[in-house]
>>> print(open('input.pdb').read())   # PDB, C-alpha atoms and all ligand atoms
ATOM      1  CA  MET Z  19    -154.117 -75.001 -39.246  1.00  0.00           C
ATOM      2  CA  THR Z  20    -153.752 -72.462 -36.421  1.00  0.00           C
ATOM      3  CA  ALA Z  21    -153.753 -74.940 -33.526  1.00  0.00           C
ATOM      4  CA  GLU Z  22    -150.570 -74.512 -31.486  1.00  0.00           C
ATOM      5  CA  PRO Z  23    -149.045 -77.153 -29.231  1.00  0.00           C
ATOM      6  CA  GLY Z  24    -149.674 -75.988 -25.675  1.00  0.00           C
ATOM      7  CA  VAL Z  25    -147.249 -75.624 -22.807  1.00  0.00           C
ATOM      8  CA  PHE Z  26    -147.196 -78.394 -20.258  1.00  0.00           C
ATOM      9  CA  ILE Z  27    -145.771 -78.436 -16.779  1.00  0.00           C
ATOM     10  CA  ARG Z  28    -144.072 -81.845 -16.708  1.00  0.00           C
ATOM     11  CA  ALA Z  29    -141.339 -83.205 -18.900  1.00  0.00           C
ATOM     12  CA  GLU Z  30    -141.437 -86.562 -17.119  1.00  0.00           C
ATOM     13  CA  CYS Z  31    -144.313 -89.013 -17.568  1.00  0.00           C
ATOM     14  CA  LEU Z  32    -144.419 -92.787 -17.027  1.00  0.00           C
ATOM     15  CA  LYS Z  33    -147.188 -93.124 -19.641  1.00  0.00           C
ATOM     16  CA  CYS Z  34    -149.123 -95.258 -17.173  1.00  0.00           C
ATOM     17  CA  GLY Z  35    -152.374 -93.740 -18.448  1.00  0.00           C
ATOM     18  CA  LEU Z  36    -153.910 -93.621 -14.962  1.00  0.00           C
ATOM     19  CA  CYS Z  37    -154.978 -89.994 -15.415  1.00  0.00           C
ATOM     20  CA  CYS Z  38    -156.736 -90.908 -18.668  1.00  0.00           C
ATOM     21  CA  MET Z  39    -158.979 -93.618 -17.097  1.00  0.00           C
ATOM     22  CA  GLU Z  40    -162.615 -92.679 -16.429  1.00  0.00           C
ATOM     23  CA  THR Z  41    -161.735 -89.076 -17.106  1.00  0.00           C
ATOM     24  CA  GLU Z  42    -164.098 -86.264 -16.123  1.00  0.00           C
ATOM     25  CA  MET Z  43    -161.809 -83.560 -17.486  1.00  0.00           C
ATOM     26  CA  VAL Z  44    -163.709 -80.365 -18.219  1.00  0.00           C
ATOM     27  CA  LEU Z  45    -163.034 -78.884 -21.642  1.00  0.00           C
ATOM     28  CA  LEU Z  46    -162.737 -75.190 -22.404  1.00  0.00           C
ATOM     29  CA  PRO Z  47    -164.198 -73.929 -25.690  1.00  0.00           C
ATOM     30  CA  GLU Z  48    -160.559 -73.178 -26.635  1.00  0.00           C
ATOM     31  CA  ASP Z  49    -159.674 -76.855 -26.089  1.00  0.00           C
ATOM     32  CA  ILE Z  50    -162.610 -77.957 -28.222  1.00  0.00           C
ATOM     33  CA  SER Z  51    -161.662 -75.584 -31.064  1.00  0.00           C
ATOM     34  CA  VAL Z  52    -158.064 -76.857 -31.133  1.00  0.00           C
ATOM     35  CA  ILE Z  53    -159.181 -80.497 -31.197  1.00  0.00           C
ATOM     36  CA  VAL Z  54    -161.790 -79.827 -33.894  1.00  0.00           C
ATOM     37  CA  GLU Z  55    -159.056 -78.159 -35.944  1.00  0.00           C
ATOM     38  CA  LEU Z  56    -157.111 -81.408 -35.714  1.00  0.00           C
ATOM     39  CA  GLY Z  57    -160.021 -83.059 -37.535  1.00  0.00           C
ATOM     40  CA  TYR Z  58    -162.046 -84.613 -34.694  1.00  0.00           C
ATOM     41  CA  GLN Z  59    -165.834 -84.282 -34.288  1.00  0.00           C
ATOM     42  CA  VAL Z  60    -167.084 -82.818 -30.992  1.00  0.00           C
ATOM     43  CA  GLN Z  61    -169.710 -85.540 -30.566  1.00  0.00           C
ATOM     44  CA  ASP Z  62    -166.984 -88.184 -30.755  1.00  0.00           C
ATOM     45  CA  PHE Z  63    -164.682 -86.830 -28.017  1.00  0.00           C
ATOM     46  CA  ALA Z  64    -166.906 -84.736 -25.720  1.00  0.00           C
ATOM     47  CA  VAL Z  65    -170.027 -85.156 -23.616  1.00  0.00           C
ATOM     48  CA  TRP Z  66    -172.163 -82.530 -21.894  1.00  0.00           C
ATOM     49  CA  SER Z  67    -172.323 -83.576 -18.254  1.00  0.00           C
ATOM     50  CA  GLU Z  68    -173.212 -81.716 -15.045  1.00  0.00           C
ATOM     51  CA  GLY Z  69    -173.075 -78.332 -16.736  1.00  0.00           C
ATOM     52  CA  TYR Z  70    -169.769 -78.773 -18.551  1.00  0.00           C
ATOM     53  CA  TRP Z  71    -168.321 -80.184 -21.739  1.00  0.00           C
ATOM     54  CA  ARG Z  72    -166.068 -83.042 -20.660  1.00  0.00           C
ATOM     55  CA  LEU Z  73    -163.798 -85.545 -22.360  1.00  0.00           C
ATOM     56  CA  LYS Z  74    -165.711 -88.656 -23.367  1.00  0.00           C
ATOM     57  CA  ASN Z  75    -164.701 -92.109 -22.138  1.00  0.00           C
ATOM     58  CA  VAL Z  76    -164.640 -95.135 -24.418  1.00  0.00           C
ATOM     59  CA  ASP Z  77    -164.019 -98.571 -22.870  1.00  0.00           C
ATOM     60  CA  GLY Z  78    -163.214 -96.915 -19.536  1.00  0.00           C
ATOM     61  CA  HIS Z  79    -160.634 -94.458 -20.821  1.00  0.00           C
ATOM     62  CA  CYS Z  80    -160.486 -91.114 -22.541  1.00  0.00           C
ATOM     63  CA  TYR Z  81    -161.437 -91.169 -26.223  1.00  0.00           C
ATOM     64  CA  PHE Z  82    -157.897 -89.995 -27.034  1.00  0.00           C
ATOM     65  CA  TYR Z  83    -155.998 -92.521 -24.945  1.00  0.00           C
ATOM     66  CA  ASP Z  84    -154.393 -95.282 -26.988  1.00  0.00           C
ATOM     67  CA  PRO Z  85    -154.069 -98.317 -24.667  1.00  0.00           C
ATOM     68  CA  ALA Z  86    -151.886-100.254 -27.115  1.00  0.00           C
ATOM     69  CA  GLU Z  87    -149.300 -97.469 -27.224  1.00  0.00           C
ATOM     70  CA  GLY Z  88    -149.940 -96.065 -23.746  1.00  0.00           C
ATOM     71  CA  THR Z  89    -150.122 -92.589 -25.229  1.00  0.00           C
ATOM     72  CA  CYS Z  90    -152.460 -89.694 -25.812  1.00  0.00           C
ATOM     73  CA  LYS Z  91    -153.304 -89.334 -29.503  1.00  0.00           C
ATOM     74  CA  ILE Z  92    -153.396 -85.543 -29.177  1.00  0.00           C
ATOM     75  CA  TYR Z  93    -150.621 -85.209 -26.586  1.00  0.00           C
ATOM     76  CA  ARG Z  94    -149.089 -81.981 -27.927  1.00  0.00           C
ATOM     77  CA  TYR Z  95    -152.546 -80.457 -28.308  1.00  0.00           C
ATOM     78  CA  ARG Z  96    -154.232 -81.934 -25.261  1.00  0.00           C
ATOM     79  CA  PRO Z  97    -156.701 -79.858 -23.213  1.00  0.00           C
ATOM     80  CA  LEU Z  98    -155.393 -77.310 -20.726  1.00  0.00           C
ATOM     81  CA  GLY Z  99    -156.644 -79.334 -17.752  1.00  0.00           C
ATOM     82  CA  CYS Z 100    -154.607 -82.346 -18.936  1.00  0.00           C
ATOM     83  CA  ARG Z 101    -151.513 -80.190 -19.345  1.00  0.00           C
ATOM     84  CA  ILE Z 102    -151.782 -78.908 -15.781  1.00  0.00           C
ATOM     85  CA  TYR Z 103    -152.197 -82.418 -14.369  1.00  0.00           C
ATOM     86  CA  PRO Z 104    -151.212 -83.759 -11.795  1.00  0.00           C
ATOM     87  CA  ILE Z 105    -151.998 -80.348 -10.295  1.00  0.00           C
ATOM     88  CA  ILE Z 106    -155.730 -80.209  -9.768  1.00  0.00           C
ATOM     89  CA  TYR Z 107    -158.267 -78.027  -8.003  1.00  0.00           C
ATOM     90  CA  VAL Z 108    -160.086 -79.743  -5.138  1.00  0.00           C
ATOM     91  CA  GLU Z 109    -163.368 -78.117  -4.131  1.00  0.00           C
ATOM     92  CA  GLY Z 110    -163.095 -76.776  -0.579  1.00  0.00           C
ATOM     93  CA  VAL Z 111    -159.327 -77.432  -0.479  1.00  0.00           C
ATOM     94  CA  GLY Z 112    -157.798 -75.540  -3.399  1.00  0.00           C
ATOM     95  CA  PRO Z 113    -154.844 -76.469  -5.604  1.00  0.00           C
ATOM     96  CA  ALA Z 114    -153.391 -79.899  -4.873  1.00  0.00           C
ATOM     97  CA  VAL Z 115    -151.281 -82.604  -6.461  1.00  0.00           C
ATOM     98  CA  ASP Z 116    -153.348 -85.646  -7.412  1.00  0.00           C
ATOM     99  CA  ASP Z 117    -151.810 -88.691  -5.749  1.00  0.00           C
ATOM    100  CA  VAL Z 118    -153.299 -90.944  -8.440  1.00  0.00           C
ATOM    101  CA  CYS Z 119    -150.221 -89.915 -10.467  1.00  0.00           C
ATOM    102  CA  PRO Z 120    -147.267 -92.179  -9.522  1.00  0.00           C
ATOM    103  CA  LEU Z 121    -144.951 -89.179  -9.942  1.00  0.00           C
ATOM    104  CA  SER Z 122    -147.039 -86.885  -7.729  1.00  0.00           C
ATOM    105  CA  ASP Z 123    -144.289 -86.639  -5.112  1.00  0.00           C
ATOM    106  CA  THR Z 124    -141.676 -85.570  -7.649  1.00  0.00           C
ATOM    107  CA  ILE Z 125    -143.241 -82.217  -8.587  1.00  0.00           C
ATOM    108  CA  THR Z 126    -140.549 -79.540  -8.452  1.00  0.00           C
ATOM    109  CA  SER Z 127    -141.186 -76.085  -7.033  1.00  0.00           C
ATOM    110  CA  GLU Z 128    -140.858 -74.647 -10.521  1.00  0.00           C
ATOM    111  CA  GLU Z 129    -143.460 -77.096 -11.873  1.00  0.00           C
ATOM    112  CA  TRP Z 130    -145.756 -76.210  -8.965  1.00  0.00           C
ATOM    113  CA  ARG Z 131    -145.412 -72.476  -9.705  1.00  0.00           C
ATOM    114  CA  THR Z 132    -146.035 -72.958 -13.435  1.00  0.00           C
ATOM    115  CA  GLY Z 133    -148.917 -75.288 -12.676  1.00  0.00           C
ATOM    116  CA  LEU Z 134    -150.544 -72.782 -10.345  1.00  0.00           C
ATOM    117  CA  LYS Z 135    -150.361 -70.057 -12.982  1.00  0.00           C
ATOM    118  CA  LEU Z 136    -151.979 -72.335 -15.549  1.00  0.00           C
ATOM    119  CA  LEU Z 137    -154.550 -73.545 -13.032  1.00  0.00           C
ATOM    120  CA  LYS Z 138    -155.575 -69.937 -12.318  1.00  0.00           C
ATOM    121  CA  LYS Z 139    -155.963 -69.327 -16.043  1.00  0.00           C
ATOM    122  CA  TYR Z 140    -157.981 -72.538 -16.424  1.00  0.00           C
ATOM    123  CA  LEU Z 141    -160.321 -71.648 -13.529  1.00  0.00           C
ATOM    124  CA  ARG Z 142    -160.758 -68.091 -14.833  1.00  0.00           C
ATOM    125  CA  LEU Z 143    -161.671 -69.356 -18.310  1.00  0.00           C
ATOM    126  CA  LEU Z 144    -164.000 -72.003 -16.898  1.00  0.00           C
ATOM    127  CA  LYS Z 145    -165.844 -69.370 -14.900  1.00  0.00           C
ATOM    128  CA  ARG Z 146    -166.074 -67.015 -17.827  1.00  0.00           C
ATOM    129  CA  HIS Z 147    -167.232 -69.525 -20.426  1.00  0.00           C
ATOM    130  CA  TYR Z 148    -169.588 -71.603 -18.366  1.00  0.00           C
ATOM    131  CA  ARG Z 149    -171.155 -68.636 -16.569  1.00  0.00           C
ATOM    132  CA  MET Z 150    -171.755 -67.031 -19.967  1.00  0.00           C
ATOM    133  CA  SER Z 151    -173.263 -70.205 -21.413  1.00  0.00           C
ATOM    134  CA  LYS Z 152    -175.806 -70.386 -18.590  1.00  0.00           C
ATOM    135  CA  ARG Z 153    -177.122 -66.818 -19.145  1.00  0.00           C
TER     136      ARG Z 153
HETATM  137  S1  LIG C   1    -156.725 -85.812 -23.773  1.00  0.00           S
HETATM  138 FE1  LIG C   1    -154.906 -87.091 -23.658  1.00  0.00          FE
HETATM  139  S2  LIG C   1    -153.910 -86.574 -21.699  1.00  0.00           S
HETATM  140 FE2  LIG C   1    -156.045 -85.841 -21.588  1.00  0.00          FE
HETATM  141  S3  LIG C   1    -157.211 -87.516 -20.611  1.00  0.00           S
HETATM  142 FE3  LIG C   1    -157.321 -87.785 -22.857  1.00  0.00          FE
HETATM  143  S4  LIG C   1    -155.666 -89.224 -23.400  1.00  0.00           S
HETATM  144 FE4  LIG C   1    -155.246 -88.389 -21.345  1.00  0.00          FE
END
>>> encode(input="input.pdb", output="structure tokens")
Amino acid sequence: MTAEPGVFIRAECLKCGLCCMETEMVLLPEDISVIVELGYQVQDFAVWSEGYWRLKNVDGHCYFYDPAEGTCKIYRYRPLGCRIYPIIYVEGVGPAVDDVCPLSDTITSEEWRTGLKLLKKYLRLLKRHYRMSKR
């Protein structure tokens, strides 16, 4: 297996699962490849919606969220957008910290800087892949 655990910006997480409820997280082809390499089928964890591949919800939460354990089943390999969270991109506003996360006000300046770098990469890849797929 060539899938590598990805970097993530936060060491601290309450495992509340709020960010995994009714997710609309957009998946990069790179994310999909890593998850498929773990043995999952695309049709089980992703849906094509509004021009993007997105994480699929089951019973109101992400396919990968385990409510009994309060954990992500693919945590070390989770999609780039999930790793950047709670930093998000708000249309017309720009990068922001999602206040749905109970720890949103504890983001350090280092986490913000790392998050912004990853967010730029994520947006660049989204543009590249989804623009190409629409040609
Ligand atoms: S992939 Fe993991 S971290 Fe991302 S929304 Fe699903 S359960 Fe949550």
>>> residues_near_ligand(input="input.pdb", ligand="ligand LIG 1 (chain C)", cutoff="8 Å", atoms="all atoms listed in the file", output="MDAnalysis selection string")
chainID Z and resid 35 37:39 41 43 73 79:84 89:93 96:97 99:101
>>> resolve_selection(input="input.pdb", expression="the PyMOL selection byres (((chain Z and resi 102-105) around 10) and not hetatm)", output="VMD selection string")
chain Z and resid 25 to 28 37 97 to 101 106 to 108 113 to 122 125 129 to 130 132 to 137 140
>>> atom_distance(input="input.pdb", atom1="atom CA of Glu40 of chain Z", atom2="atom CA of Arg149 of chain Z")
25.5 Å
>>> atom_distance(input="input.pdb", atom1="atom CA of Arg72 of chain Z", atom2="atom CA of Arg131 of chain Z")
25.7 Å
>>> resolve_selection(input="input.pdb", expression="the PyMOL selection byres (((chain Z and resi 53-58) around 9) and not hetatm)", output="PDB file with C-alpha atoms, in the frame of the given file")
ATOM      1  CA  MET Z  19    -154.117 -75.001 -39.246  1.00  0.00           C
ATOM      2  CA  THR Z  20    -153.752 -72.462 -36.421  1.00  0.00           C
ATOM      3  CA  ALA Z  21    -153.753 -74.940 -33.526  1.00  0.00           C
ATOM      4  CA  GLU Z  48    -160.559 -73.178 -26.635  1.00  0.00           C
ATOM      5  CA  ASP Z  49    -159.674 -76.855 -26.089  1.00  0.00           C
ATOM      6  CA  ILE Z  50    -162.610 -77.957 -28.222  1.00  0.00           C
ATOM      7  CA  SER Z  51    -161.662 -75.584 -31.064  1.00  0.00           C
ATOM      8  CA  VAL Z  52    -158.064 -76.857 -31.133  1.00  0.00           C
ATOM      9  CA  GLN Z  59    -165.834 -84.282 -34.288  1.00  0.00           C
ATOM     10  CA  VAL Z  60    -167.084 -82.818 -30.992  1.00  0.00           C
ATOM     11  CA  GLN Z  61    -169.710 -85.540 -30.566  1.00  0.00           C
ATOM     12  CA  ASP Z  62    -166.984 -88.184 -30.755  1.00  0.00           C
ATOM     13  CA  PHE Z  63    -164.682 -86.830 -28.017  1.00  0.00           C
ATOM     14  CA  ILE Z  92    -153.396 -85.543 -29.177  1.00  0.00           C
ATOM     15  CA  TYR Z  95    -152.546 -80.457 -28.308  1.00  0.00           C
ATOM     16  CA  ARG Z  96    -154.232 -81.934 -25.261  1.00  0.00           C
ATOM     17  CA  PRO Z  97    -156.701 -79.858 -23.213  1.00  0.00           C
TER      18      PRO Z  97
END
>>> atom_distance(input="input.pdb", atom1="atom CA of Tyr70 of chain Z", atom2="atom CA of Leu144 of chain Z")
9.0 Å
>>> closest_residue(input="input.pdb", among="Z:Ala64, Z:Val44, Z:Lys33, Z:Ser127", to="Ala86 of chain Z", atoms="all atoms listed in the file")
Z:Lys33
